[in-house]
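Shown next, in structure tokens, is the structure this report addresses.
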Amino acid sequence: MTDDAIDKTAADRRQGIIALIVVQFCFGLFPLFGKLTLDCFDPKAVAAWRMLFGALVLGGYAFLRLGRAAIPSWPDLLRLQLCALLGISVNQVLYLEGLQKAPTVNAALVMCLIPVLTLVVAILFRQEKLERNRVIGTLIAFVGLAYLVFRRGASLDDAYLQGNLLMCANALSFSIYLVYSRPLSRRYPAYVMIGWVFVLSTWQIPIFLGDVPFIPETVTSQAWLGLTFVLLFPTSLAYFLNVFALARVRASTTALFIFSQPIIAAIAALLFLDEPLVAATVYAGLVIFAGIWLASARPKAS
């Protein structure tokens with residue numbers, strides 16, 4: 001490999017890591033603003049808003065920039081349709097239904113199952129090998145997560161069981177999406193791929209929405225604020241940057257950064273809900289980030 005190729009690979013990896021950091025802030029704040037939205041909007045309605053908005057903004061941008069060149073091959077359109085099911089429609093409905101039924105902190109904590117599930121799925125799909133540093137790093141990050149769960153006292157009793165199970169199903173769906181979509185992310189620009197994933201999810205809106213009103217009769221200003229954040233950041237920007245990162249780093253590395261979301265959620269609670277930032281959160285954060293660093297580090301050539 002030439003020096004220029006090595007520099008380009010390193011630069012691509014740095015760009016991917018920066019994109020992942022931004023993604024975690026978008027998703028880490030999602031439970032906070034999502035709760036504001038769900039005070040008035042049904043979860044299925046919020047999912048429908050996200051599908052339409054993503055299709056219009058990201059799909060529209062792809063066509064404006066490339067025109068007919070933005071149309072993928074037929075085999076890839078079929079693959080993108082499966083990505084739309086796994087990563088958009090089913091994924092979002094499961095998450096929002098779970099978020100409505102379970103506490104906000106649970107949403108951020110359950111999402112941390114995604115790195116473990118993604119690593120397992122990637123190994124099963126033979127995209128990645130079982131490397132020692134990745135296994136150890138994932139376990140370290142998971143220990144930090146477990147410490148955070150028990151010290152913060154997340155509610156995992158029967159009252160929230162359904163919500164937790166829905167979000168676990170969402171985590172599995174998103175993990176499969178991350179692994180399955182990675183080859184496509186290398187063939188198409190990020191805005192083309194994610195634009196099509198959203199466009200191909202829109203036909204499912206009537207199925208999921210049913211008789212649920214798209215706009216409730218009464219909507220507070222806080223609910224509109226929450227929906228605006230959800231549409232601009234966890235929907236548009238986060239999905240775009242996630243695909244951008246997938247083309248530059250491994251799927252399990254992309255998923256591993258999700259371990260930072262509970263820390264972001266805790267800081268958001270401190271700033272907006274006046275919840276104290278206890279020492280347990282700080283300690284857990286240090287352990288989680290240590291695990292991320294170890295598992296995302298490139299193995300040295302022998």
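Naming works like this for the structure tokens: A, B, ... for the chains as they're shown, residue 1 at the start of each chain, ligands 1 onward in shown order.
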
Find the nearest atom pair between each residue of stretch 166-219 of chain A and stretch 32-47 of chain A for residues within 8 Å, count only C-alpha atoms, give distances in Å to one decimal, sort rows by chain and ascending number, and present the table as CSV.
residue,atom,partner,partner_atom,distance
A:Phe208,CA,A:Lys44,CA,6.3
A:Leu209,CA,A:Lys44,CA,5.5
A:Val212,CA,A:Ala45,CA,6.7
A:Pro213,CA,A:Ala45,CA,6.9
A:Phe214,CA,A:Ala45,CA,5.3
A:Ile215,CA,A:Phe41,CA,7.2
A:Pro216,CA,A:Phe41,CA,6.4
A:Thr218,CA,A:Cys40,CA,7.2
A:Val219,CA,A:Cys40,CA,5.7

Saved selection, atoms kept: N, CA and C atoms, as an mmCIF file, in the first residue's frame:
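This went into part-v9.cif:
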data_model
loop_
_atom_site.group_PDB
_atom_site.id
_atom_site.type_symbol
_atom_site.label_atom_id
_atom_site.label_comp_id
_atom_site.auth_asym_id
_atom_site.auth_seq_id
_atom_site.Cartn_x
_atom_site.Cartn_y
_atom_site.Cartn_z
ATOM 1 N N PHE A 208 -48.733 0.987 9.064
ATOM 2 C CA PHE A 208 -48.393 1.234 10.463
ATOM 3 C C PHE A 208 -49.333 2.252 11.112
ATOM 4 N N LEU A 209 -49.737 3.271 10.337
ATOM 5 C CA LEU A 209 -50.507 4.379 10.909
ATOM 6 C C LEU A 209 -51.937 3.952 11.233
ATOM 7 N N VAL A 212 -54.675 5.975 13.392
ATOM 8 C CA VAL A 212 -54.019 6.964 14.252
ATOM 9 C C VAL A 212 -53.931 8.305 13.521
ATOM 10 N N PRO A 213 -54.320 9.423 14.130
ATOM 11 C CA PRO A 213 -54.243 10.726 13.460
ATOM 12 C C PRO A 213 -52.796 11.171 13.229
ATOM 13 N N PHE A 214 -52.526 11.674 12.050
ATOM 14 C CA PHE A 214 -51.188 12.168 11.729
ATOM 15 C C PHE A 214 -50.846 13.382 12.585
ATOM 16 N N ILE A 215 -51.830 14.263 12.779
ATOM 17 C CA ILE A 215 -51.698 15.421 13.673
ATOM 18 C C ILE A 215 -52.833 15.363 14.691
ATOM 19 N N PRO A 216 -52.529 15.214 15.982
ATOM 20 C CA PRO A 216 -53.585 15.154 16.998
ATOM 21 C C PRO A 216 -54.379 16.457 17.052
ATOM 22 N N THR A 218 -55.071 18.220 19.662
ATOM 23 C CA THR A 218 -54.397 19.155 20.566
ATOM 24 C C THR A 218 -52.912 18.827 20.614
ATOM 25 N N VAL A 219 -52.080 19.815 20.267
ATOM 26 C CA VAL A 219 -50.627 19.633 20.278
ATOM 27 C C VAL A 219 -50.001 20.824 20.993
#

Checklist line | Non-local contacts of A:Phe244 (8 Å; only C-alpha atoms; under 5 positions in same chain excluded) as a PyMOL selection string | finding: chain A and resi 16+19+185+189-190

Quick one: write out the picked residues with N, CA and C atoms as a short mmCIF file (atom, residue, chain, number, x, y, z; two decimals), in the first residue's frame?
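What landed in again30.cif:
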data_model
loop_
_atom_site.label_atom_id
_atom_site.label_comp_id
_atom_site.auth_asym_id
_atom_site.auth_seq_id
_atom_site.Cartn_x
_atom_site.Cartn_y
_atom_site.Cartn_z
N GLY A 16 -14.89 9.06 9.70
CA GLY A 16 -15.92 8.15 10.17
C GLY A 16 -16.13 8.25 11.68
N ALA A 19 -17.92 11.49 12.52
CA ALA A 19 -19.34 11.35 12.18
C ALA A 19 -20.08 10.55 13.24
N SER A 185 -23.34 0.64 1.46
CA SER A 185 -22.77 1.94 1.80
C SER A 185 -21.44 2.17 1.12
N PRO A 189 -23.00 6.77 -2.57
CA PRO A 189 -22.80 7.87 -1.61
C PRO A 189 -23.81 7.76 -0.48
N ALA A 190 -23.43 8.26 0.69
CA ALA A 190 -24.29 8.14 1.87
C ALA A 190 -25.67 8.73 1.64
#

Next item on the list: Point out the residue among A:Phe259, A:Tyr191, A:Phe125, A:Tyr61 with the least atom-to-atom distance to A:Val287, counting only C-alpha atoms.
Entry: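 Looking at the shortest contact to A:Val287, the residue is A:Phe259.
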
Note to self: Between A:Cys112, A:Ile207, A:Ala62, A:Leu294, which residue has the minimum interatomic distance to A:Val135, considering only C-alpha atoms?
What the structure shows: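 Nearest to A:Val135: A:Leu294.
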
Item checked: Which of stretch 200-231 of chain A DSSP labels helix (DSSP H, G or I), written as an MDAnalysis selection string -> chainID A and resid 202:209 221:231

May I have the selected residues written with N, CA and C atoms, as a CSV table (one decimal), in the first residue's frame?
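Okay, this is what ended up in selection-v1.csv:
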chain,number,residue,atom,x,y,z
A,202,THR,N,-41.8,4.6,2.8
A,202,THR,CA,-43.0,5.5,2.8
A,202,THR,C,-44.3,4.7,2.5
A,203,TRP,N,-44.2,3.6,1.6
A,203,TRP,CA,-45.4,2.9,1.3
A,203,TRP,C,-46.0,2.1,2.4
A,204,GLN,N,-45.2,2.0,3.5
A,204,GLN,CA,-45.6,1.2,4.7
A,204,GLN,C,-46.4,2.1,5.7
A,205,ILE,N,-46.4,3.4,5.5
A,205,ILE,CA,-47.0,4.3,6.4
A,205,ILE,C,-48.4,4.0,6.7
A,206,PRO,N,-49.3,3.8,5.6
A,206,PRO,CA,-50.7,3.5,5.9
A,206,PRO,C,-50.9,2.2,6.7
A,207,ILE,N,-49.9,1.2,6.5
A,207,ILE,CA,-50.0,0.0,7.3
A,207,ILE,C,-49.8,0.2,8.8
A,208,PHE,N,-48.7,1.0,9.1
A,208,PHE,CA,-48.4,1.2,10.5
A,208,PHE,C,-49.3,2.3,11.1
A,209,LEU,N,-49.7,3.3,10.3
A,209,LEU,CA,-50.5,4.4,10.9
A,209,LEU,C,-51.9,4.0,11.2
A,221,SER,N,-46.8,23.3,22.4
A,221,SER,CA,-45.6,23.8,21.7
A,221,SER,C,-44.4,22.9,22.0
A,222,GLN,N,-44.4,22.3,23.2
A,222,GLN,CA,-43.3,21.4,23.6
A,222,GLN,C,-43.3,20.2,22.7
A,223,ALA,N,-44.5,19.7,22.4
A,223,ALA,CA,-44.5,18.5,21.5
A,223,ALA,C,-44.0,18.9,20.1
A,224,TRP,N,-44.4,20.0,19.6
A,224,TRP,CA,-43.9,20.5,18.3
A,224,TRP,C,-42.3,20.7,18.3
A,225,LEU,N,-41.8,21.2,19.4
A,225,LEU,CA,-40.4,21.4,19.6
A,225,LEU,C,-39.7,20.0,19.6
A,226,GLY,N,-40.3,19.0,20.3
A,226,GLY,CA,-39.7,17.7,20.3
A,226,GLY,C,-39.7,17.1,19.0
A,227,LEU,N,-40.8,17.2,18.2
A,227,LEU,CA,-40.9,16.6,16.9
A,227,LEU,C,-39.9,17.2,15.9
A,228,THR,N,-39.8,18.5,16.0
A,228,THR,CA,-38.8,19.2,15.2
A,228,THR,C,-37.4,18.7,15.4
A,229,PHE,N,-37.0,18.5,16.6
A,229,PHE,CA,-35.7,18.0,16.9
A,229,PHE,C,-35.6,16.6,16.4
A,230,VAL,N,-36.6,15.7,16.6
A,230,VAL,CA,-36.6,14.3,16.2
A,230,VAL,C,-36.4,14.3,14.6
A,231,LEU,N,-37.1,15.2,13.9
A,231,LEU,CA,-37.0,15.1,12.5
A,231,LEU,C,-35.6,15.6,11.9

Next item on the list: Kindly indicate which residue among A:Ala265, A:Val249, A:Leu256, A:Ala107 lies nearest to A:Ser175, using only C-alpha atoms for the distances.
Entry: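 The answer is A:Leu256, which sits nearest to A:Ser175.
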
Checklist line | Who sits within 10 Å of A:Arg14, only C-alpha atoms, same chain under 4 positions skipped, as a PyMOL selection string | finding: chain A and resi 8-10+18-20+245+248-249

Check: In Å, with one decimal, what is the gap from atom CA of A:Asp12 to atom CA of A:Leu124?
Finding: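 Going from atom CA of A:Asp12 over to atom CA of A:Leu124, I get 26.1 Å.
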
Check: In terms of the shortest atom-to-atom distance over only C-alpha atoms, which of A:Phe198, A:Phe272, A:Phe257, A:Tyr177 is closest to A:Ile17?
Finding: A:Phe257

Next item on the list: Quick one: everything within 12 Å of A:Cys26, counting only C-alpha atoms, minus sequence neighbours fewer than 4 positions away in the same chain. Send it as a ChimeraX atom specification.
Entry: /A:19-22,30-34,108,229-242,258,260-261,264-265,268

Print the selection's residues with N, CA and C atoms to a file, as a PDB file, in the first residue's frame.
ATOM      1  N   ALA A  19     -17.923  11.491  12.519  1.00  0.00           N
ATOM      2  CA  ALA A  19     -19.336  11.352  12.178  1.00  0.00           C
ATOM      3  C   ALA A  19     -20.076  10.551  13.243  1.00  0.00           C
ATOM      4  N   LEU A  20     -19.444   9.496  13.742  1.00  0.00           N
ATOM      5  CA  LEU A  20     -20.073   8.658  14.769  1.00  0.00           C
ATOM      6  C   LEU A  20     -20.306   9.431  16.067  1.00  0.00           C
ATOM      7  N   ILE A  21     -19.374  10.309  16.414  1.00  0.00           N
ATOM      8  CA  ILE A  21     -19.530  11.112  17.631  1.00  0.00           C
ATOM      9  C   ILE A  21     -20.775  12.004  17.519  1.00  0.00           C
ATOM     10  N   VAL A  22     -20.947  12.642  16.353  1.00  0.00           N
ATOM     11  CA  VAL A  22     -22.122  13.496  16.133  1.00  0.00           C
ATOM     12  C   VAL A  22     -23.401  12.662  16.193  1.00  0.00           C
ATOM     13  N   PHE A  30     -32.311  11.842  21.760  1.00  0.00           N
ATOM     14  CA  PHE A  30     -33.601  11.411  21.232  1.00  0.00           C
ATOM     15  C   PHE A  30     -34.615  11.071  22.340  1.00  0.00           C
ATOM     16  N   PRO A  31     -34.242  10.290  23.382  1.00  0.00           N
ATOM     17  CA  PRO A  31     -35.242   9.969  24.409  1.00  0.00           C
ATOM     18  C   PRO A  31     -35.826  11.205  25.081  1.00  0.00           C
ATOM     19  N   LEU A  32     -34.989  12.209  25.327  1.00  0.00           N
ATOM     20  CA  LEU A  32     -35.459  13.420  25.990  1.00  0.00           C
ATOM     21  C   LEU A  32     -36.507  14.137  25.142  1.00  0.00           C
ATOM     22  N   PHE A  33     -36.175  14.396  23.869  1.00  0.00           N
ATOM     23  CA  PHE A  33     -37.100  15.105  22.990  1.00  0.00           C
ATOM     24  C   PHE A  33     -38.230  14.196  22.517  1.00  0.00           C
ATOM     25  N   GLY A  34     -37.947  12.884  22.439  1.00  0.00           N
ATOM     26  CA  GLY A  34     -38.987  11.950  22.060  1.00  0.00           C
ATOM     27  C   GLY A  34     -40.114  11.906  23.067  1.00  0.00           C
ATOM     28  N   ALA A 108     -32.112   4.673  26.475  1.00  0.00           N
ATOM     29  CA  ALA A 108     -30.683   4.812  26.194  1.00  0.00           C
ATOM     30  C   ALA A 108     -29.914   3.565  26.597  1.00  0.00           C
ATOM     31  N   PHE A 229     -37.010  18.532  16.645  1.00  0.00           N
ATOM     32  CA  PHE A 229     -35.691  17.977  16.943  1.00  0.00           C
ATOM     33  C   PHE A 229     -35.566  16.565  16.391  1.00  0.00           C
ATOM     34  N   VAL A 230     -36.587  15.742  16.621  1.00  0.00           N
ATOM     35  CA  VAL A 230     -36.560  14.348  16.166  1.00  0.00           C
ATOM     36  C   VAL A 230     -36.396  14.274  14.649  1.00  0.00           C
ATOM     37  N   LEU A 231     -37.064  15.161  13.920  1.00  0.00           N
ATOM     38  CA  LEU A 231     -36.994  15.122  12.460  1.00  0.00           C
ATOM     39  C   LEU A 231     -35.645  15.616  11.931  1.00  0.00           C
ATOM     40  N   LEU A 232     -35.105  16.653  12.546  1.00  0.00           N
ATOM     41  CA  LEU A 232     -33.863  17.242  12.034  1.00  0.00           C
ATOM     42  C   LEU A 232     -32.626  16.441  12.417  1.00  0.00           C
ATOM     43  N   PHE A 233     -32.582  15.915  13.638  1.00  0.00           N
ATOM     44  CA  PHE A 233     -31.339  15.318  14.126  1.00  0.00           C
ATOM     45  C   PHE A 233     -31.346  13.785  14.149  1.00  0.00           C
ATOM     46  N   PRO A 234     -32.130  13.111  15.009  1.00  0.00           N
ATOM     47  CA  PRO A 234     -32.088  11.639  14.975  1.00  0.00           C
ATOM     48  C   PRO A 234     -32.571  11.053  13.649  1.00  0.00           C
ATOM     49  N   THR A 235     -33.390  11.800  12.907  1.00  0.00           N
ATOM     50  CA  THR A 235     -33.908  11.279  11.645  1.00  0.00           C
ATOM     51  C   THR A 235     -32.953  11.586  10.489  1.00  0.00           C
ATOM     52  N   SER A 236     -32.811  12.855  10.138  1.00  0.00           N
ATOM     53  CA  SER A 236     -32.060  13.219   8.938  1.00  0.00           C
ATOM     54  C   SER A 236     -30.546  13.146   9.142  1.00  0.00           C
ATOM     55  N   LEU A 237     -30.031  13.978  10.052  1.00  0.00           N
ATOM     56  CA  LEU A 237     -28.580  14.080  10.202  1.00  0.00           C
ATOM     57  C   LEU A 237     -27.959  12.776  10.691  1.00  0.00           C
ATOM     58  N   ALA A 238     -28.551  12.144  11.682  1.00  0.00           N
ATOM     59  CA  ALA A 238     -27.954  10.939  12.267  1.00  0.00           C
ATOM     60  C   ALA A 238     -27.921   9.787  11.272  1.00  0.00           C
ATOM     61  N   TYR A 239     -28.996   9.566  10.536  1.00  0.00           N
ATOM     62  CA  TYR A 239     -29.012   8.466   9.571  1.00  0.00           C
ATOM     63  C   TYR A 239     -28.005   8.713   8.452  1.00  0.00           C
ATOM     64  N   PHE A 240     -27.919   9.956   7.992  1.00  0.00           N
ATOM     65  CA  PHE A 240     -26.957  10.292   6.936  1.00  0.00           C
ATOM     66  C   PHE A 240     -25.525  10.034   7.406  1.00  0.00           C
ATOM     67  N   LEU A 241     -25.187  10.529   8.595  1.00  0.00           N
ATOM     68  CA  LEU A 241     -23.823  10.364   9.105  1.00  0.00           C
ATOM     69  C   LEU A 241     -23.521   8.909   9.451  1.00  0.00           C
ATOM     70  N   ASN A 242     -24.531   8.136   9.829  1.00  0.00           N
ATOM     71  CA  ASN A 242     -24.323   6.727  10.138  1.00  0.00           C
ATOM     72  C   ASN A 242     -23.882   5.970   8.885  1.00  0.00           C
ATOM     73  N   ILE A 258     -22.497   3.381  20.402  1.00  0.00           N
ATOM     74  CA  ILE A 258     -23.797   3.543  21.056  1.00  0.00           C
ATOM     75  C   ILE A 258     -23.665   3.465  22.565  1.00  0.00           C
ATOM     76  N   SER A 260     -21.967   5.167  24.349  1.00  0.00           N
ATOM     77  CA  SER A 260     -21.828   6.512  24.909  1.00  0.00           C
ATOM     78  C   SER A 260     -23.175   7.207  25.085  1.00  0.00           C
ATOM     79  N   GLN A 261     -24.234   6.668  24.515  1.00  0.00           N
ATOM     80  CA  GLN A 261     -25.522   7.359  24.552  1.00  0.00           C
ATOM     81  C   GLN A 261     -26.103   7.530  25.958  1.00  0.00           C
ATOM     82  N   ILE A 264     -24.602  10.653  27.401  1.00  0.00           N
ATOM     83  CA  ILE A 264     -25.176  11.859  26.797  1.00  0.00           C
ATOM     84  C   ILE A 264     -26.566  12.114  27.366  1.00  0.00           C
ATOM     85  N   ALA A 265     -27.345  11.040  27.530  1.00  0.00           N
ATOM     86  CA  ALA A 265     -28.690  11.187  28.087  1.00  0.00           C
ATOM     87  C   ALA A 265     -28.627  11.697  29.528  1.00  0.00           C
ATOM     88  N   ALA A 268     -27.803  15.374  29.453  1.00  0.00           N
ATOM     89  CA  ALA A 268     -28.991  16.123  29.023  1.00  0.00           C
ATOM     90  C   ALA A 268     -29.974  16.268  30.180  1.00  0.00           C
TER      91      ALA A 268
END

Margin query: as a PyMOL selection string, please: the residues near stretch 163-170 of chain A (cut-off 7 Å, only C-alpha atoms, same-chain neighbours under 4 positions excluded).
Written below: chain A and resi 91+94-95+97-99+101-102+110+174

Atoms to include: N, CA and C atoms. Write the selected residues as a PDB file, in the first residue's frame.
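Result saved to selection_5.pdb:
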ATOM      1  N   ASN A  91     -37.997  -0.677  12.719  1.00  0.00           N
ATOM      2  CA  ASN A  91     -37.092  -0.163  13.748  1.00  0.00           C
ATOM      3  C   ASN A  91     -37.705   1.004  14.512  1.00  0.00           C
ATOM      4  N   LEU A  94     -41.002   0.095  16.611  1.00  0.00           N
ATOM      5  CA  LEU A  94     -40.645  -0.647  17.818  1.00  0.00           C
ATOM      6  C   LEU A  94     -40.040   0.283  18.867  1.00  0.00           C
ATOM      7  N   TYR A  95     -39.124   1.162  18.433  1.00  0.00           N
ATOM      8  CA  TYR A  95     -38.453   2.048  19.385  1.00  0.00           C
ATOM      9  C   TYR A  95     -39.436   3.025  20.031  1.00  0.00           C
ATOM     10  N   GLU A  97     -42.746   2.885  20.244  1.00  0.00           N
ATOM     11  CA  GLU A  97     -43.722   2.199  21.098  1.00  0.00           C
ATOM     12  C   GLU A  97     -43.074   1.845  22.444  1.00  0.00           C
ATOM     13  N   GLY A  98     -41.820   1.383  22.401  1.00  0.00           N
ATOM     14  CA  GLY A  98     -41.116   1.056  23.636  1.00  0.00           C
ATOM     15  C   GLY A  98     -40.826   2.281  24.474  1.00  0.00           C
ATOM     16  N   LEU A  99     -40.449   3.381  23.814  1.00  0.00           N
ATOM     17  CA  LEU A  99     -40.135   4.616  24.529  1.00  0.00           C
ATOM     18  C   LEU A  99     -41.354   5.156  25.259  1.00  0.00           C
ATOM     19  N   LYS A 101     -43.689   3.383  26.606  1.00  0.00           N
ATOM     20  CA  LYS A 101     -44.065   2.493  27.706  1.00  0.00           C
ATOM     21  C   LYS A 101     -43.001   2.390  28.794  1.00  0.00           C
ATOM     22  N   ALA A 102     -41.760   2.769  28.497  1.00  0.00           N
ATOM     23  CA  ALA A 102     -40.666   2.592  29.456  1.00  0.00           C
ATOM     24  C   ALA A 102     -40.047   3.944  29.800  1.00  0.00           C
ATOM     25  N   VAL A 110     -31.072   0.293  26.932  1.00  0.00           N
ATOM     26  CA  VAL A 110     -31.376  -0.880  26.107  1.00  0.00           C
ATOM     27  C   VAL A 110     -30.707  -0.770  24.745  1.00  0.00           C
ATOM     28  N   PHE A 174     -32.031  -3.096  14.273  1.00  0.00           N
ATOM     29  CA  PHE A 174     -31.033  -2.119  13.839  1.00  0.00           C
ATOM     30  C   PHE A 174     -29.658  -2.763  13.674  1.00  0.00           C
TER      31      PHE A 174
END

Item checked: All residues 12 Å or closer to A:Ala84, only C-alpha atoms, same chain fewer than 2 positions away omitted, as a PyMOL selection string -> chain A and resi 51+54-55+77-82+86-92+173-174+176-178+180-181+193-205+239

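Counting from atom CA of A:Ala290, the distance to atom CA of A:Ala141 is 7.1 Å.
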
Margin query: As an exercise, work out the distance from atom CA of A:Ile114 to atom CA of A:Leu172 in Å and give it to one decimal place.
Written below: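 So the two atoms, atom CA of A:Ile114 and atom CA of A:Leu172, lie 6.7 Å apart.
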